[in-house]
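Trainee: So I've got this file, coords-v7.txt, and it contains compact mmCIF, C-alpha atoms:
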```txt
# COMPACT_ATOMS: atom_id res chain seq x y z
CA MET A 1 43.76 136.09 -90.37
CA THR A 2 41.27 136.87 -87.77
CA THR A 3 42.27 137.31 -84.22
CA GLY A 4 40.13 136.05 -81.42
CA GLU A 5 38.78 138.35 -78.79
CA PHE A 6 40.65 138.06 -75.48
CA HIS A 7 38.79 138.84 -72.26
CA LEU A 8 40.35 138.53 -68.81
CA ASN A 9 37.68 138.32 -66.12
CA MET A 10 39.23 139.59 -62.85
CA LEU A 11 36.04 139.71 -60.88
CA LYS A 12 35.29 136.89 -58.59
CA SER A 13 31.86 135.37 -58.80
CA GLY A 14 30.92 136.76 -55.33
CA GLU A 15 32.00 140.25 -56.37
CA ARG A 16 30.02 140.14 -59.52
CA VAL A 17 26.69 139.90 -57.68
CA SER A 18 27.57 142.50 -54.98
CA SER A 19 25.49 145.68 -55.07
CA SER A 20 28.30 147.71 -53.41
CA PRO A 21 30.62 149.51 -55.74
CA VAL A 22 33.39 149.28 -53.10
CA ARG A 23 35.00 145.96 -52.86
CA LEU A 24 35.26 143.86 -49.70
CA ARG A 25 39.06 143.95 -49.75
CA ILE A 26 38.74 147.68 -49.24
CA ILE A 27 35.86 147.64 -46.75
CA ILE A 28 37.12 144.98 -44.32
CA PRO A 29 40.57 146.51 -43.72
CA LEU A 30 38.86 149.90 -43.32
CA LEU A 31 36.44 148.50 -40.79
CA SER A 32 39.22 146.88 -38.80
CA PHE A 33 41.13 150.16 -38.92
CA PHE A 34 38.12 152.05 -37.61
CA ALA A 35 37.64 149.41 -34.90
CA ALA A 36 41.20 150.01 -33.74
CA ILE A 37 40.68 153.77 -33.82
CA GLY A 38 37.41 153.32 -31.88
CA MET A 39 39.24 151.26 -29.30
CA ILE A 40 41.83 154.01 -28.89
CA LEU A 41 39.07 156.60 -28.50
CA TRP A 42 37.28 154.40 -25.96
CA TRP A 43 40.45 154.02 -23.94
CA GLY A 44 41.08 157.76 -24.22
CA SER A 45 37.60 158.52 -22.97
CA LEU A 46 38.01 156.16 -20.00
CA PHE A 47 41.43 157.59 -19.25
CA ALA A 48 40.07 161.15 -19.31
CA GLN A 49 37.18 160.18 -17.04
CA ARG A 50 39.58 158.51 -14.64
CA LEU A 51 41.76 161.60 -14.53
CA ILE A 52 38.72 163.75 -13.72
CA VAL A 53 37.49 161.33 -11.02
CA GLN A 54 40.98 161.10 -9.53
CA SER A 55 41.28 164.84 -9.42
CA ARG A 56 37.88 165.26 -7.73
CA LEU A 57 38.63 162.37 -5.38
CA LYS A 58 41.90 163.97 -4.35
CA THR A 59 40.15 167.27 -3.60
CA LEU A 60 37.34 165.58 -1.66
CA ALA A 61 39.70 163.33 0.29
CA ALA A 62 41.84 166.33 1.21
CA GLU A 63 38.74 168.22 2.34
CA ASN A 64 37.56 165.28 4.47
CA GLU A 65 41.06 164.82 5.82
CA SER A 66 41.22 168.45 6.87
CA ARG A 67 37.95 168.04 8.81
CA LEU A 68 38.98 164.87 10.63
CA ALA A 69 40.07 166.76 13.72
CA THR A 70 36.81 168.70 13.84
CA GLU A 71 34.90 165.48 13.32
CA ALA A 72 36.81 163.83 16.16
CA GLU A 73 35.96 166.75 18.42
CA ALA A 74 32.29 166.53 17.44
CA LYS A 75 32.31 162.78 18.06
CA ALA A 76 33.91 163.26 21.45
CA GLN A 77 31.33 165.91 22.24
CA HIS A 78 28.55 163.56 21.18
CA ALA A 79 29.93 160.78 23.39
CA GLU A 80 30.19 163.26 26.27
CA PHE A 81 26.62 164.37 25.67
CA LEU A 82 25.35 160.77 25.71
CA GLU A 83 27.27 160.15 28.93
CA GLN A 84 25.97 163.26 30.68
CA ALA A 85 22.42 162.83 29.36
CA SER A 86 22.38 159.26 30.62
CA ARG A 87 23.58 160.35 34.06
CA LEU A 88 20.99 163.09 34.11
CA LYS A 89 18.29 160.62 33.16
CA GLN A 90 19.27 158.47 36.11
CA LEU A 91 19.10 161.43 38.48
CA ASP A 92 15.79 162.56 36.98
CA GLY A 93 14.61 159.05 37.76
CA TYR A 94 15.80 159.42 41.33
CA ALA A 95 14.05 162.80 41.64
CA ALA A 96 10.84 161.18 40.42
CA GLY A 97 11.21 158.51 43.10
CA VAL A 98 11.61 160.94 45.99
CA ARG A 99 8.71 160.39 48.37
CA ARG A 100 7.20 163.17 50.47
CA ILE A 101 5.72 161.68 53.63
CA GLY A 102 6.07 164.63 56.05
CA PRO A 103 2.60 166.16 55.50
CA ALA A 104 0.91 162.74 55.80
CA LEU A 105 2.76 161.96 59.04
CA ALA A 106 1.90 165.39 60.47
CA SER A 107 -1.72 164.86 59.46
CA LEU A 108 -1.72 161.44 61.15
CA ALA A 109 -0.69 163.05 64.43
CA GLU A 110 -3.57 165.50 64.16
CA ASN A 111 -6.16 162.93 63.12
CA MET A 112 -5.23 160.07 65.42
CA PRO A 113 -8.46 159.06 67.19
CA ILE A 114 -8.48 159.66 70.94
CA GLY A 115 -8.30 156.34 72.67
CA ILE A 116 -5.47 154.96 70.56
CA GLN A 117 -1.94 154.70 71.84
CA LEU A 118 0.47 154.39 68.96
CA ILE A 119 3.06 151.75 69.79
CA ASN A 120 4.92 151.44 66.54
CA LEU A 121 4.83 153.12 63.19
CA GLU A 122 7.19 151.64 60.69
CA ILE A 123 8.04 152.01 57.04
CA GLU A 124 9.79 148.73 56.36
CA GLU A 125 13.03 148.61 54.45
CA PRO A 126 12.69 147.95 50.73
CA GLY A 127 13.47 144.46 49.53
CA PRO A 128 16.85 143.49 48.07
CA GLN A 129 17.65 144.69 44.61
CA ASN A 130 17.86 142.29 41.73
CA LEU A 131 21.22 142.73 40.03
CA ARG A 132 21.29 139.35 38.39
CA PRO A 133 22.25 139.56 34.73
CA PRO A 134 19.71 138.32 32.19
CA VAL A 135 22.27 135.83 30.91
CA PRO A 136 24.11 133.48 33.32
CA ARG A 137 27.90 133.74 33.80
CA MET A 138 27.87 137.47 33.21
CA PRO A 139 28.92 140.00 35.85
CA PRO A 140 26.15 141.49 38.02
CA LEU A 141 24.30 144.42 36.57
CA ARG A 142 25.43 147.91 37.51
CA GLY A 143 21.90 148.71 38.55
CA PRO A 144 18.49 147.10 38.69
CA THR A 145 16.36 147.16 35.58
CA ASN A 146 13.20 147.37 37.65
CA THR A 147 12.30 150.99 38.31
CA VAL A 148 9.54 150.33 40.83
CA GLU A 149 10.09 149.75 44.53
CA ARG A 150 7.32 148.76 46.91
CA GLN A 151 7.27 149.06 50.70
CA THR A 152 4.96 148.34 53.59
CA LEU A 153 3.73 150.69 56.28
CA VAL A 154 2.99 149.07 59.62
CA ILE A 155 0.91 150.78 62.29
CA GLU A 156 0.68 149.08 65.67
CA GLY A 157 -1.29 150.48 68.54
CA ARG A 158 -3.19 149.79 71.71
CA THR A 159 -6.81 150.75 72.25
CA ALA A 160 -9.43 150.25 74.86
CA LYS A 161 -12.11 149.60 72.27
CA PRO A 162 -11.64 148.00 68.83
CA LEU A 163 -13.98 150.68 67.54
CA TYR A 164 -11.13 153.19 67.68
CA ALA A 165 -8.99 151.03 65.42
CA ASP A 166 -11.84 150.98 62.89
CA LYS A 167 -12.05 154.74 63.20
CA LEU A 168 -8.32 154.99 62.50
CA LYS A 169 -8.72 152.84 59.39
CA LEU A 170 -11.52 155.12 58.23
CA THR A 171 -9.36 158.19 58.87
CA LEU A 172 -6.50 156.71 56.87
CA ARG A 173 -8.74 156.47 53.81
CA ASP A 174 -8.53 160.23 53.51
CA SER A 175 -6.66 161.54 50.48
CA SER A 176 -4.15 163.35 52.68
CA PHE A 177 -2.65 159.93 53.49
CA ALA A 178 -2.35 158.95 49.84
CA PRO A 179 1.45 159.53 49.82
CA ILE A 180 1.93 156.79 52.42
CA ILE A 181 -1.06 154.51 51.99
CA GLU A 182 -2.29 152.68 48.93
CA ARG A 183 -4.28 149.77 50.35
CA LEU A 184 -4.73 147.75 53.51
CA THR A 185 -3.07 144.37 53.11
CA SER A 186 -3.26 142.86 56.59
CA GLU A 187 -5.13 143.54 59.79
CA LYS A 188 -4.61 141.72 63.09
CA SER A 189 -5.76 142.32 66.63
CA ARG A 190 -5.45 140.52 69.94
CA LEU A 191 -6.06 141.20 73.59
CA ASP A 192 -3.18 142.81 75.39
CA THR A 193 -2.14 140.31 78.02
CA THR A 194 0.73 142.40 79.26
CA VAL A 195 -1.59 144.88 80.99
CA GLN A 196 -3.79 143.95 83.91
CA PRO A 197 -7.07 145.90 83.60
CA LYS A 198 -8.58 147.61 86.60
CA LYS A 199 -11.93 146.53 87.94
CA HIS A 200 -14.85 147.30 85.57
CA GLU A 201 -12.36 148.03 82.76
CA THR A 202 -12.03 145.91 79.64
CA ARG A 203 -8.71 144.47 78.63
CA PRO A 204 -7.08 146.68 75.98
CA THR A 205 -6.65 145.43 72.43
CA LEU A 206 -3.44 145.45 70.47
CA PHE A 207 -3.90 145.94 66.74
CA ARG A 208 -1.59 145.81 63.78
CA LEU A 209 -2.42 147.31 60.40
CA GLU A 210 -0.26 146.69 57.36
CA TYR A 211 -0.62 148.96 54.38
CA GLU A 212 0.98 148.74 51.01
CA MET A 213 2.56 152.07 50.28
CA PRO A 214 2.37 153.72 46.87
CA PRO A 215 5.29 152.47 44.79
CA ARG A 216 8.37 154.60 44.36
CA THR A 217 8.98 154.80 40.66
CA PHE A 218 12.50 155.72 39.63
CA ALA A 219 11.55 156.52 36.08
CA ALA A 220 12.81 159.56 34.23
CA ALA A 221 10.77 162.47 35.44
CA GLU A 222 9.49 165.50 33.63
CA PRO A 223 12.07 168.28 33.25
CA ALA A 224 10.11 170.24 35.87
CA ALA A 225 11.34 167.93 38.64
CA ALA A 226 14.96 168.63 37.86
CA GLY A 227 14.10 172.30 37.49
CA LYS A 228 12.75 172.31 41.00
CA ALA A 229 15.94 170.72 42.25
CA GLU A 230 17.92 173.30 40.31
CA VAL A 231 16.06 176.16 41.95
CA LYS A 232 16.60 174.59 45.34
CA GLY A 233 20.28 174.00 44.65
CA LYS A 234 20.98 177.66 43.84
CA MET B 1 52.72 120.60 -53.43
CA LYS B 2 51.20 122.47 -50.64
CA THR B 3 50.31 126.04 -51.22
CA GLY B 4 49.66 128.62 -48.46
CA LEU B 5 46.45 130.57 -48.00
CA LEU B 6 48.03 133.73 -49.33
CA ASP B 7 49.43 132.03 -52.39
CA ASN B 8 45.96 131.64 -53.86
CA MET B 9 45.09 135.30 -53.31
CA ALA B 10 45.60 138.19 -55.60
CA PRO B 11 48.23 140.70 -54.33
CA ASN B 12 45.49 143.24 -53.46
CA ALA B 13 43.58 140.68 -51.51
CA GLN B 14 46.79 139.66 -49.73
CA ARG B 15 47.41 143.23 -48.64
CA ALA B 16 43.80 143.56 -47.52
CA PHE B 17 44.03 140.36 -45.52
CA ILE B 18 47.27 141.31 -43.80
CA THR B 19 46.04 144.82 -43.03
CA THR B 20 42.79 143.49 -41.59
CA LEU B 21 44.64 140.93 -39.52
CA ALA B 22 47.03 143.56 -38.17
CA PHE B 23 44.26 145.99 -37.19
CA THR B 24 42.23 143.21 -35.60
CA VAL B 25 45.21 142.16 -33.51
CA VAL B 26 45.82 145.77 -32.50
CA THR B 27 42.12 146.17 -31.61
CA VAL B 28 42.11 143.06 -29.44
CA ILE B 29 45.34 144.06 -27.71
CA LEU B 30 43.98 147.55 -27.07
CA TYR B 31 40.79 146.13 -25.61
CA MET B 32 42.50 143.62 -23.36
CA PHE B 33 45.44 145.64 -22.16
CA ALA B 34 44.17 149.21 -22.26
CA VAL B 35 40.38 149.46 -22.21
CA VAL B 36 39.60 146.72 -19.70
CA PRO B 37 42.21 147.79 -17.09
CA GLU B 38 41.29 151.44 -17.58
CA ASP B 39 37.61 150.62 -17.08
CA GLU B 40 38.48 148.70 -13.91
CA LYS B 41 40.49 151.68 -12.61
CA LEU B 42 37.60 154.01 -13.38
CA ARG B 43 35.14 151.78 -11.52
CA ASN B 44 37.44 151.68 -8.49
CA GLY B 45 37.88 155.44 -8.64
CA ASN B 46 34.13 155.95 -8.77
CA ALA B 47 33.64 153.59 -5.85
CA ARG B 48 36.24 155.45 -3.77
CA TYR B 49 34.71 158.75 -4.75
CA GLY B 50 31.30 157.46 -3.63
CA GLN B 51 32.81 156.44 -0.28
CA GLU B 52 34.42 159.82 0.18
CA GLU B 53 31.12 161.52 -0.65
CA GLN B 54 29.40 159.39 1.98
CA ASN B 55 32.13 160.36 4.43
CA LYS B 56 31.60 163.99 3.57
CA ALA B 57 27.84 163.68 4.10
CA ARG B 58 28.44 161.95 7.44
CA ILE B 59 30.92 164.57 8.59
CA ASP B 60 28.57 167.34 7.42
CA SER B 61 25.75 165.78 9.41
CA ILE B 62 27.94 165.40 12.53
CA LEU B 63 29.17 168.97 12.30
CA ARG B 64 25.65 170.30 11.64
CA ASN B 65 24.42 168.63 14.84
CA ALA B 66 27.51 169.56 16.82
CA ALA B 67 26.46 173.16 17.37
CA SER B 68 23.01 172.33 18.71
CA GLU B 69 24.46 169.44 20.69
CA ALA B 70 26.96 171.76 22.35
CA THR B 71 24.05 173.83 23.65
CA ARG B 72 22.22 170.76 24.86
CA LEU B 73 25.39 169.45 26.51
CA GLU B 74 25.80 172.74 28.32
CA GLU B 75 22.20 172.60 29.58
CA THR B 76 22.64 168.98 30.66
CA VAL B 77 25.84 169.76 32.55
CA MET B 78 24.12 172.69 34.27
CA ARG B 79 21.23 170.51 35.39
CA LEU B 80 23.64 167.82 36.56
CA SER B 81 25.56 170.43 38.49
CA ALA B 82 22.33 171.52 40.20
CA TYR B 83 21.74 167.93 41.25
CA ARG B 84 25.34 167.45 42.39
CA LYS B 85 25.06 170.36 44.80
CA GLN B 86 22.57 168.23 46.70
CA PHE B 87 24.62 165.03 46.69
CA ILE B 88 25.88 163.55 49.91
CA GLU B 89 29.65 163.28 49.98
CA GLN B 90 32.14 161.23 51.84
CA ARG B 91 33.83 163.18 54.63
CA LEU B 92 36.58 161.49 56.62
CA GLY B 93 35.80 158.29 54.79
CA ASN B 94 32.11 158.14 55.67
CA TYR B 95 28.81 159.68 54.67
CA ALA B 96 27.53 160.14 58.22
CA THR B 97 29.70 163.21 58.82
CA HIS B 98 28.15 165.08 55.92
CA ALA B 99 24.68 163.84 56.90
CA ARG B 100 25.26 165.12 60.42
CA GLU B 101 26.22 168.55 59.08
CA MET B 102 23.00 168.76 57.11
CA LEU B 103 20.57 167.06 59.48
CA ASP B 104 21.63 168.03 62.99
CA PRO B 105 20.36 171.63 62.79
CA LEU B 106 17.00 170.41 61.47
CA ALA B 107 16.74 167.63 64.04
CA VAL B 108 17.63 169.87 66.98
CA GLY B 109 15.21 172.51 65.67
CA ALA B 110 12.45 169.91 65.55
CA GLY B 111 13.12 168.90 69.14
CA LEU B 112 14.87 165.56 68.65
CA THR B 113 17.56 164.52 71.10
CA GLU B 114 20.24 161.83 71.40
CA ILE B 115 20.82 162.01 67.67
CA ASP B 116 23.25 159.50 66.24
CA TYR B 117 24.21 158.24 62.78
CA PRO B 118 25.32 154.66 63.28
CA ASP B 119 25.77 153.44 59.72
CA SER B 120 25.18 153.98 56.07
CA SER B 121 24.41 151.81 53.10
CA THR B 122 23.93 152.19 49.41
CA ARG B 123 21.47 150.92 46.86
CA ARG B 124 21.85 151.06 43.12
CA LEU B 125 19.73 153.39 41.09
CA PRO B 126 17.95 151.75 38.16
CA LEU B 127 19.94 151.80 34.95
CA PRO B 128 19.09 154.84 32.82
CA ASP B 129 18.00 152.75 29.90
CA PRO B 130 18.46 148.99 30.27
CA LYS B 131 17.44 148.28 26.68
CA MET B 132 19.91 150.70 25.17
CA PRO B 133 23.45 149.51 24.44
CA PHE B 134 24.90 152.78 25.68
CA SER B 135 25.63 152.82 29.37
CA PRO B 136 27.37 155.73 31.07
CA ALA B 137 30.85 155.21 32.46
CA LYS B 138 29.78 156.62 35.84
CA LEU B 139 26.48 155.94 37.49
CA HIS B 140 24.83 157.20 40.65
CA VAL B 141 23.69 155.39 43.75
CA ARG B 142 21.23 155.97 46.54
CA THR B 143 23.31 156.48 49.64
CA ALA B 144 21.31 155.98 52.81
CA VAL B 145 22.37 157.13 56.27
CA ARG B 146 20.67 155.61 59.29
CA MET B 147 19.82 158.04 62.04
CA THR B 148 18.60 157.32 65.56
CA ALA B 149 17.07 159.85 67.93
CA ARG B 150 14.59 160.31 70.72
CA GLY B 151 11.60 162.61 70.62
CA SER B 152 7.89 162.86 70.29
CA TYR B 153 5.97 161.71 67.25
CA GLN B 154 5.30 165.38 66.45
CA SER B 155 9.04 166.12 66.58
CA ALA B 156 9.72 163.29 64.16
CA ALA B 157 7.02 164.51 61.78
CA SER B 158 8.31 168.07 62.09
CA PHE B 159 11.86 166.90 61.36
CA ILE B 160 10.76 165.08 58.22
CA LEU B 161 8.81 168.13 57.07
CA ARG B 162 11.91 170.30 57.53
CA VAL B 163 14.13 167.81 55.71
CA GLU B 164 11.71 167.64 52.79
CA GLU B 165 11.57 171.41 52.65
CA GLU B 166 15.30 172.08 52.94
CA LEU B 167 16.71 169.04 51.15
CA PRO B 168 14.38 168.24 48.25
CA LEU B 169 16.39 165.29 46.99
CA VAL B 170 16.44 163.55 50.36
CA SER B 171 13.89 160.81 50.80
CA VAL B 172 12.92 158.67 53.77
CA GLN B 173 13.89 155.16 52.77
CA SER B 174 12.64 153.48 55.92
CA MET B 175 11.53 154.63 59.35
CA ARG B 176 10.40 153.39 62.73
CA ILE B 177 8.80 155.35 65.53
CA ALA B 178 8.47 153.03 68.50
CA ALA B 179 6.92 153.85 71.84
CA ASN B 180 8.97 153.57 75.04
CA SER B 181 7.18 151.74 77.77
CA GLY B 182 8.85 153.83 80.47
CA ASP B 183 8.54 157.20 78.74
CA PRO B 184 5.32 157.59 76.76
CA LEU B 185 6.17 161.15 75.64
CA HIS B 186 9.43 160.24 73.94
CA GLN B 187 9.61 157.65 71.22
CA THR B 188 12.65 155.93 69.84
CA ILE B 189 13.03 157.08 66.29
CA THR B 190 15.05 155.23 63.68
CA MET B 191 15.14 156.67 60.24
CA THR B 192 17.06 155.88 57.08
CA LEU B 193 17.39 158.89 54.86
CA GLU B 194 18.75 158.60 51.37
CA TRP B 195 20.57 160.97 49.04
CA PRO B 196 21.83 160.56 45.53
CA ALA B 197 25.59 160.18 45.33
CA SER B 198 28.26 159.39 42.80
CA ASP B 199 29.04 155.73 42.50
CA THR B 200 32.50 155.41 43.98
CA GLY B 201 32.71 151.88 45.27
CA PRO B 202 33.04 148.70 43.27
CA ASN B 203 30.32 146.96 45.27
CA PRO B 204 27.82 149.44 46.63
CA ASP B 205 25.49 146.83 48.03
CA THR B 206 27.55 146.25 51.11
CA LYS B 207 26.81 148.06 54.33
CA ALA B 208 29.52 150.33 55.65
CA ARG B 209 29.96 150.66 59.36
CA ARG B 210 31.04 154.05 60.56
```
Now that the file is in, can you turn its structure into structure tokens?

Mentor:
Amino acid sequence: MTTGEFHLNMLKSGERVSSSPVRLRIIIPLLSFFAAIGMILWWGSLFAQRLIVQSRLKTLAAENESRLATEAEAKAQHAEFLEQASRLKQLDGYAAGVRRIGPALASLAENMPIGIQLINLEIEEPGPQNLRPPVPRMPPLRGPTNTVERQTLVIEGRTAKPLYADKLKLTLRDSSFAPIIERLTSEKSRLDTTVQPKKHETRPTLFRLEYEMPPRTFAAAEPAAAGKAEVKGK
Amino acid sequence: MKTGLLDNMAPNAQRAFITTLAFTVVTVILYMFAVVPEDEKLRNGNARYGQEEQNKARIDSILRNAASEATRLEETVMRLSAYRKQFIEQRLGNYATHAREMLDPLAVGAGLTEIDYPDSSTRRLPLPDPKMPFSPAKLHVRTAVRMTARGSYQSAASFILRVEEELPLVSVQSMRIAANSGDPLHQTITMTLEWPASDTGPNPDTKARR
């Protein structure tokens, strides 16, 4: 009796053609195991990083916290500096706007042509200040935004001959009058009817000259201006 | 008869399947409930750390400037103090009294007589920097005191020269030297002299009678 050959094929058809000697039922669970291990390592790495960041954050926050008082002092000092610097700027502006007219007035007395009787010399009051806010329904401004102020100088006199008035105008062109005179804006003259001339005398003429004065500019001056004031104040 | 998925598998394959399934579930759970929240916490921590570093840089910058600013503040206060010494102040509720103290000796020395200080007024000084948002809490004004006197033109000019020499922050705001018909040697002099002063009143544009 011959016995037949028995062969049990346990390989699946997919496994038979695989080039890998390790079977998928081994590889796939291993891969999933490694994935889980990788996930644990990833979490561990993140956790470690967080601990380090938290530790550094705590140190830094404590350091910043400890300097809060110093920072507050520095901020208060900065605010104080801005306040004082702003006030100083305003006063520097005022110092720049101070007008010196004494020498020019003294010079006018010396250079007044003979034959002119000065009746009135007037520096007119400056115009009203504009404190209107740029936007309606807001409170008035605490100061004008315009730093320039213009005024008029009026010279009225009486003269026997109009020639003397012309001579005065010529005299006033001199640079020594520059602090009070910028340009002639109006010139009027008329016969003086209030005085009765003697025989063979001409009736005197009244004249009125209006000059625009150099503008006063209340802009922040050079430090030298305040320095001068400082020397004077000592 | 229905058979389950595992029933058709060999025992080894069943074990492999269950193990794979278990590890996959563990991996997903780890990702969702450990990695993702931890990553979120780390991001937040980094963001807070960045903020604190910015704070530190800001504080460092402030403190670095504080020393030099202290020196500049001291200089500014000194210069302000020099100005303030020349301010006109209210005495007995008016500015004229202080003006009289300062001006009378100069006016008498220049030969002016019948000196009086009938009123005073104030004008605002231009804002330090209208375009800047910062505006000081206290500003200054131009306080003007009107003065009347009698004297010659030369006396008036001499008086102004003395004022400009002795009081460098005083400026002639307006002036009038008018001839007297009855007395050609003595003119009527009206002068408005202005000083800087601290802004004390709520509405400085009103005239104050003495």

Trainee: Which is closest to chain A among B:Gln90, B:Asn180, B:Ser174, B:Ser68, if we use only C-alpha atoms?

Mentor: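 Ranked by minimum distance to chain A, first place goes to B:Ser174.
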
Trainee: Leaving out A:Leu60 and any residue of its chain fewer than 3 positions from it, which residues lie within 8 Å of it when counting all atoms listed in the file, given as a ChimeraX atom specification?

Mentor: /A:56-57,63-64 /B:49,52-53,56

Trainee: Can you spit out the residues from that selection as a PDB file, in the frame of the given file, using C-alpha atoms?

Mentor:
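Written file, out16.pdb:
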```pdb
ATOM      1  CA  ARG A  56      37.880 165.260  -7.730  1.00  0.00           C
ATOM      2  CA  LEU A  57      38.630 162.370  -5.380  1.00  0.00           C
ATOM      3  CA  GLU A  63      38.740 168.220   2.340  1.00  0.00           C
ATOM      4  CA  ASN A  64      37.560 165.280   4.470  1.00  0.00           C
TER       5      ASN A  64
ATOM      6  CA  TYR B  49      34.710 158.750  -4.750  1.00  0.00           C
ATOM      7  CA  GLU B  52      34.420 159.820   0.180  1.00  0.00           C
ATOM      8  CA  GLU B  53      31.120 161.520  -0.650  1.00  0.00           C
ATOM      9  CA  LYS B  56      31.600 163.990   3.570  1.00  0.00           C
TER      10      LYS B  56
END
```

Trainee: Of the candidates A:Ile114, A:Ile123, A:Leu131, A:Ala96, which one gets nearest to chain B if we count only C-alpha atoms?

Mentor: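 So, comparing all the options, the nearest one is A:Ile123.
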
Trainee: I'd like to know which of A:Ser45, A:Asn146, A:Thr159, A:Thr202 is closest to chain B, using all atoms listed in the file.

Mentor: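 Looking at the shortest contact to chain B, the residue is A:Asn146.
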
Trainee: Write out as a list in words which residues come within 6 Å of B:Leu112 when counting all atoms listed in the file, dropping same-chain ones fewer than 2 positions away.

Mentor: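 Counting only the stated atoms, we get Ala107, Val108, Ala110, Arg150 and Gly151 of chain B.
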
Trainee: Could you give me, as a PyMOL selection string, the residues within 8 Å of A:Arg190, counting all atoms listed in the file and dropping anything in the same chain fewer than 2 positions from it?

Mentor: chain A and resi 188+192+205-207

Trainee: Create the file for the chosen residues now, containing C-alpha atoms and written as a PDB file, keeping the file's coordinate frame.

Mentor:
```
ATOM      1  CA  LYS A 188      -4.610 141.720  63.090  1.00  0.00           C
ATOM      2  CA  ASP A 192      -3.180 142.810  75.390  1.00  0.00           C
ATOM      3  CA  THR A 205      -6.650 145.430  72.430  1.00  0.00           C
ATOM      4  CA  LEU A 206      -3.440 145.450  70.470  1.00  0.00           C
ATOM      5  CA  PHE A 207      -3.900 145.940  66.740  1.00  0.00           C
TER       6      PHE A 207
END
```

Trainee: Select residues of chain A: the criterion is any atom within 6 Å of an atom of chain B, counting only C-alpha atoms; output as an MDAnalysis selection string.

Mentor: chainID A and resid 25 29 32:33 36 43 50 57 74 81 83 86 88:90 98:99 102 105:106 119:125 143:145 147 230 233

Trainee: What separation in Å, quoted to one decimal, exists between atom CA of A:Glu182 and atom CA of A:Pro215?

Mentor: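 Pair atom CA of A:Glu182 / atom CA of A:Pro215 returns 8.6 Å.
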
Trainee: Give as number ranges by chain each residue that has an atom at most 12 Å from (30.9, 160.6, 56.9) in the file, counting only C-alpha atoms.

Mentor: B: 88-102, 117-121, 143-146, 208-210

Trainee: Find the residues near A:Ile181: any atom within 7 Å, counting all atoms listed in the file, skip ones fewer than 5 places away on the same chain, and give them as a list in words.

Mentor: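 So, after excluding close chain neighbours, the residues are Tyr211, Glu212, Met213 and Pro214 of chain A.
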
Trainee: Taking C-alpha atoms for each residue, export the selection above as a PDB file, keeping the file's coordinate frame.

Mentor:
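Once written, part_10.pdb looks like this:
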```
ATOM      1  CA  TYR A 211      -0.620 148.960  54.380  1.00  0.00           C
ATOM      2  CA  GLU A 212       0.980 148.740  51.010  1.00  0.00           C
ATOM      3  CA  MET A 213       2.560 152.070  50.280  1.00  0.00           C
ATOM      4  CA  PRO A 214       2.370 153.720  46.870  1.00  0.00           C
TER       5      PRO A 214
END
```

Trainee: Which residues are close to A:Leu108, i.e. within 12 Å by all atoms listed in the file, leaving aside same-chain residues fewer than 5 positions away? Reply as a PyMOL selection string.

Mentor: (chain A and resi 101-103+113+118+121+155+168-169+171-181) or (chain B and resi 153-154+156-157)

Trainee: Atom CA of A:Leu68 to atom CA of A:Ala85: how many Å, to one decimal?

Mentor: 25.1 Å

Trainee: Quick one, how far is atom CA of A:Lys161 from atom CA of A:Pro204?

Mentor: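 Answer for the atom CA of A:Lys161 to atom CA of A:Pro204 separation: 6.9 Å.
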
Trainee: Could you give me the axis-aligned bounding box of stretch 30-42 of chain A, with 3 Å of padding per side, as centre plus edge lengths in Å to one decimal, as AutoDock Vina command-line options?

Mentor:
```
--center_x 39.1 --center_y 151.7 --center_z -34.6 --size_x 11.4 --size_y 15.7 --size_z 23.4
```

Trainee: Pick from A:Gln117, A:Asn130, A:Gln151, A:Gln49: nearest to B:Leu185, with all atoms listed in the file counted?

Mentor: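 Result for the nearest residue to B:Leu185: A:Gln117.
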
Trainee: Could you pull stretch 48-54 of chain A out of the structure just shown and give N, CA and C atoms as an mmCIF file, in the first residue's frame?

Mentor:
```cif
data_model
loop_
_atom_site.group_PDB
_atom_site.id
_atom_site.type_symbol
_atom_site.label_atom_id
_atom_site.label_comp_id
_atom_site.auth_asym_id
_atom_site.auth_seq_id
_atom_site.Cartn_x
_atom_site.Cartn_y
_atom_site.Cartn_z
ATOM 1 N N ALA A 48 8.565 68.336 28.768
ATOM 2 C CA ALA A 48 9.861 68.831 29.251
ATOM 3 C C ALA A 48 10.081 70.276 28.812
ATOM 4 N N GLN A 49 9.754 70.537 27.539
ATOM 5 C CA GLN A 49 9.911 71.913 27.030
ATOM 6 C C GLN A 49 9.049 72.891 27.828
ATOM 7 N N ARG A 50 7.817 72.442 28.113
ATOM 8 C CA ARG A 50 6.903 73.316 28.853
ATOM 9 C C ARG A 50 7.447 73.616 30.251
ATOM 10 N N LEU A 51 7.988 72.574 30.863
ATOM 11 C CA LEU A 51 8.556 72.774 32.207
ATOM 12 C C LEU A 51 9.701 73.807 32.161
ATOM 13 N N ILE A 52 10.537 73.682 31.124
ATOM 14 C CA ILE A 52 11.665 74.622 30.998
ATOM 15 C C ILE A 52 11.142 76.049 30.775
ATOM 16 N N VAL A 53 10.172 76.177 29.848
ATOM 17 C CA VAL A 53 9.615 77.514 29.539
ATOM 18 C C VAL A 53 8.963 78.102 30.782
ATOM 19 N N GLN A 54 8.214 77.245 31.501
ATOM 20 C CA GLN A 54 7.534 77.730 32.711
ATOM 21 C C GLN A 54 8.541 78.213 33.748
#
```
